[in-house]
>>> print(open('query_22.pdb').read())   # PDB, C-alpha atoms
ATOM      1  CA  THR X 125       0.000   0.000   0.000
ATOM      2  CA  PHE X 126       1.150   3.550  -0.676
ATOM      3  CA  ASN X 127       0.293   6.609   1.405
ATOM      4  CA  ALA X 128      -0.605  10.110   0.151
ATOM      5  CA  ASP X 129       3.122  10.920  -0.244
ATOM      6  CA  ASP X 130       3.536   7.837  -2.449
ATOM      7  CA  LYS X 131       5.588   6.087   0.227
ATOM      8  CA  GLN X 132       5.198   2.351   0.550
ATOM      9  CA  MET X 133       3.520   1.214   3.796
ATOM     10  CA  LEU X 134       3.317  -2.235   5.361
ATOM     11  CA  GLN X 135      -0.259  -3.381   5.828
ATOM     12  CA  ALA X 136      -1.890  -6.512   7.198
ATOM     13  CA  ILE X 137      -5.083  -8.135   6.022
ATOM     14  CA  LYS X 138      -7.076  -9.779   8.792
ATOM     15  CA  ALA X 139      -8.971 -13.042   8.337
ATOM     16  CA  ASN X 140     -12.194 -11.048   7.860
ATOM     17  CA  GLY X 141     -10.587  -9.053   5.004
ATOM     18  CA  GLN X 142     -10.098  -5.866   7.033
ATOM     19  CA  GLN X 143      -6.922  -3.980   6.117
ATOM     20  CA  LEU X 144      -4.800  -2.769   9.004
ATOM     21  CA  LEU X 145      -1.758  -0.490   8.989
ATOM     22  CA  VAL X 146       1.152  -1.373  11.254
ATOM     23  CA  THR X 147       0.484   1.789  13.263
ATOM     24  CA  GLU X 148      -3.034   0.516  13.976
ATOM     25  CA  MET X 149      -1.836  -2.804  15.418
ATOM     26  CA  SER X 150      -1.463  -3.567  19.100
ATOM     27  CA  ASP X 151       2.091  -3.761  20.451
ATOM     28  CA  GLY X 152       1.876  -7.557  20.628
ATOM     29  CA  THR X 153       0.589  -7.944  17.086
ATOM     30  CA  ARG X 154       3.191  -5.532  15.750
ATOM     31  CA  ASP X 155       5.933  -7.467  17.582
ATOM     32  CA  GLN X 156       4.646 -10.724  16.067
ATOM     33  CA  LEU X 157       4.630  -9.239  12.579
ATOM     34  CA  PHE X 158       8.200  -7.983  12.804
ATOM     35  CA  LEU X 159       9.412 -11.272  14.287
ATOM     36  CA  ALA X 160       7.677 -13.157  11.467
ATOM     37  CA  LEU X 161       9.419 -10.915   8.921
ATOM     38  CA  ARG X 162      12.804 -11.469  10.606
ATOM     39  CA  LEU X 163      12.284 -15.242  10.658
ATOM     40  CA  ALA X 164      11.187 -15.276   7.011
ATOM     41  CA  ASN X 165      14.337 -13.358   6.088
ATOM     42  CA  LEU X 166      16.458 -15.755   8.161
ATOM     43  CA  SER X 167      14.846 -18.742   6.475
ATOM     44  CA  ILE X 168      15.700 -17.374   3.024
ATOM     45  CA  TYR X 169      19.238 -16.588   4.173
ATOM     46  CA  LEU X 170      19.757 -20.090   5.591
ATOM     47  CA  HIS X 171      18.845 -21.684   2.248
ATOM     48  CA  GLN X 172      21.690 -19.820   0.585
ATOM     49  CA  HIS X 173      24.364 -19.396   3.283
ATOM     50  CA  GLU X 174      26.030 -21.003   6.265
ATOM     51  CA  PRO X 175      24.056 -20.772   9.524
ATOM     52  CA  LEU X 176      24.542 -17.780  11.774
ATOM     53  CA  PRO X 177      23.168 -17.251  15.283
ATOM     54  CA  PHE X 178      19.738 -15.686  15.716
ATOM     55  CA  ILE X 179      19.876 -13.664  18.948
ATOM     56  CA  VAL X 180      16.832 -12.025  20.520
ATOM     57  CA  ASP X 181      16.190 -10.269  23.821
ATOM     58  CA  ASP X 182      12.761 -10.265  25.523
ATOM     59  CA  ILE X 183      10.873 -10.532  22.249
ATOM     60  CA  LEU X 184       7.832 -12.056  23.966
ATOM     61  CA  ILE X 185       7.221  -9.190  26.379
ATOM     62  CA  ASN X 186       3.896  -8.219  24.726
ATOM     63  CA  TYR X 187       2.715 -11.792  24.021
ATOM     64  CA  ASP X 188       0.120 -13.755  25.955
ATOM     65  CA  ASN X 189       1.026 -17.310  27.032
ATOM     66  CA  GLU X 190      -0.624 -18.957  24.027
ATOM     67  CA  ARG X 191       1.279 -16.819  21.538
ATOM     68  CA  SER X 192       4.481 -17.172  23.572
ATOM     69  CA  GLU X 193       4.204 -20.954  23.400
ATOM     70  CA  ALA X 194       3.604 -20.910  19.644
ATOM     71  CA  THR X 195       6.557 -18.579  19.114
ATOM     72  CA  LEU X 196       8.865 -20.630  21.333
ATOM     73  CA  LYS X 197       7.975 -23.721  19.301
ATOM     74  CA  VAL X 198       8.856 -21.878  16.081
ATOM     75  CA  LEU X 199      12.171 -20.754  17.592
ATOM     76  CA  ALA X 200      12.901 -24.318  18.722
ATOM     77  CA  ASP X 201      12.241 -25.489  15.172
ATOM     78  CA  PHE X 202      14.617 -22.828  13.826
ATOM     79  CA  GLY X 203      17.157 -24.171  16.305
ATOM     80  CA  LYS X 204      17.367 -27.294  14.142
ATOM     81  CA  GLN X 205      18.854 -25.149  11.343
ATOM     82  CA  THR X 206      20.830 -22.516  13.220
ATOM     83  CA  GLN X 207      21.670 -21.468  16.763
ATOM     84  CA  VAL X 208      18.889 -19.504  18.460
ATOM     85  CA  VAL X 209      19.783 -17.532  21.582
ATOM     86  CA  MET X 210      16.965 -15.908  23.524
ATOM     87  CA  PHE X 211      17.432 -13.721  26.575
ATOM     88  CA  THR X 212      14.579 -13.046  28.979
ATOM     89  CA  HIS X 213      13.953 -12.168  32.579
ATOM     90  CA  HIS X 214      10.387 -13.548  32.519
ATOM     91  CA  ARG X 215      10.474 -16.768  34.544
ATOM     92  CA  HIS X 216       7.039 -17.919  33.377
ATOM     93  CA  LEU X 217       8.546 -18.479  29.921
ATOM     94  CA  LEU X 218      10.756 -21.202  31.418
ATOM     95  CA  ASP X 219       7.608 -23.102  32.416
ATOM     96  CA  ILE X 220       6.217 -22.738  28.910
ATOM     97  CA  VAL X 221       9.466 -24.039  27.404
ATOM     98  CA  THR X 222       9.801 -27.007  29.738
ATOM     99  CA  ASN X 223       6.126 -27.975  29.367
ATOM    100  CA  SER X 224       5.760 -27.617  25.603
ATOM    101  CA  ILE X 225       9.113 -28.172  23.867
ATOM    102  CA  ASN X 226      11.074 -31.402  23.509
ATOM    103  CA  ASN X 227      13.888 -31.426  26.076
ATOM    104  CA  GLY X 228      16.551 -32.026  23.414
ATOM    105  CA  LEU X 229      15.740 -28.782  21.585
ATOM    106  CA  TYR X 230      16.779 -26.243  24.215
ATOM    107  CA  VAL X 231      19.285 -25.433  26.917
ATOM    108  CA  ILE X 232      18.400 -23.096  29.765
ATOM    109  CA  GLN X 233      21.205 -21.087  31.314
ATOM    110  CA  GLU X 234      20.319 -18.958  34.316
ATOM    111  CA  LEU X 235      22.614 -16.104  35.256
ATOM    112  CA  GLY X 236      23.514 -14.940  38.732
TER     113      GLY X 236
END
>>> encode(input="query_22.pdb", output="structure tokens")
Amino acid sequence: TFNADDKQMLQAIKANGQQLLVTEMSDGTRDQLFLALRLANLSIYLHQHEPLPFIVDDILINYDNERSEATLKVLADFGKQTQVVMFTHHRHLLDIVTNSINNGLYVIQELG
């Protein structure tokens, strides 16, 4: 989509067909969109290059538990192709990881 100044704008289309600008999205939805774009770019990169680490810090801060679990599963799957390092200070995410992801797909390292 292009705005009045003929600048390209990112826009989502909801399941009901409603068009939504990024600026109209909630923080959580916007975070999910940008993570999805980063992962899509990484996926394309990995098909053409050697793996490189994917490092993220508190990317799930605006996610509910259901979306956090789904995202952690996607990151665990990406971990089969390249190293994924995720930093967080939200302890409840550890419970989600240990309850929903195969033990061989992650390592938890707690600091201090």
>>> atom_distance(input="query_22.pdb", atom1="atom CA of X:Glu190", atom2="atom CA of X:Met133")
28.9 Å
>>> resolve_selection(input="query_22.pdb", expression="the PyMOL selection byres ((chain X and resi 158) around 12)", output="number ranges by chain")
X: 134-136, 146, 149, 151-157, 159-165, 183-184
>>> closest_residue(input="query_22.pdb", among="X:Pro175, X:Ile185, X:Ile220, X:Tyr230", to="X:Asp201", atoms="all atoms listed in the file")
X:Tyr230
>>> closest_residue(input="query_22.pdb", among="X:Gln172, X:Gln205, X:Ser224, X:Thr147", to="X:Ser192", atoms="only C-alpha atoms")
X:Ser224
>>> resolve_selection(input="query_22.pdb", expression="the PyMOL selection byres ((chain X and resi 180) around 8)", output="list in words")
Phe178, Ile179, Asp181, Asp182, Ile183, Val209, Met210 and Phe211 of chain X
>>> atom_distance(input="query_22.pdb", atom1="atom CA of X:Val198", atom2="atom CA of X:Glu148")
25.4 Å
>>> atom_distance(input="query_22.pdb", atom1="atom CA of X:Asn186", atom2="atom CA of X:Ser150")
9.1 Å
>>> closest_residue(input="query_22.pdb", among="X:Thr212, X:Asn127, X:Thr206, X:Asn226", to="X:His171", atoms="only C-alpha atoms")
X:Thr206
>>> closest_residue(input="query_22.pdb", among="X:Phe202, X:Gly236, X:Asp130, X:Asp219", to="X:Leu166", atoms="all atoms listed in the file")
X:Phe202
>>> closest_residue(input="query_22.pdb", among="X:Leu199, X:Leu235, X:Tyr187, X:Ala128", to="X:Ser167", atoms="only C-alpha atoms")
X:Leu199
>>> closest_residue(input="query_22.pdb", among="X:Ile225, X:Val208, X:Ile232, X:Ala139", to="X:Glu193", atoms="only C-alpha atoms")
X:Ile225
>>> axis_aligned_box(input="query_22.pdb", around="stretch 149-164 of chain X", padding_each_side="5 Å", output="JSON")
{"center_x": 5.5, "center_y": -9.0, "center_z": 13.8, "size_x": 24.6, "size_y": 22.5, "size_z": 23.6}
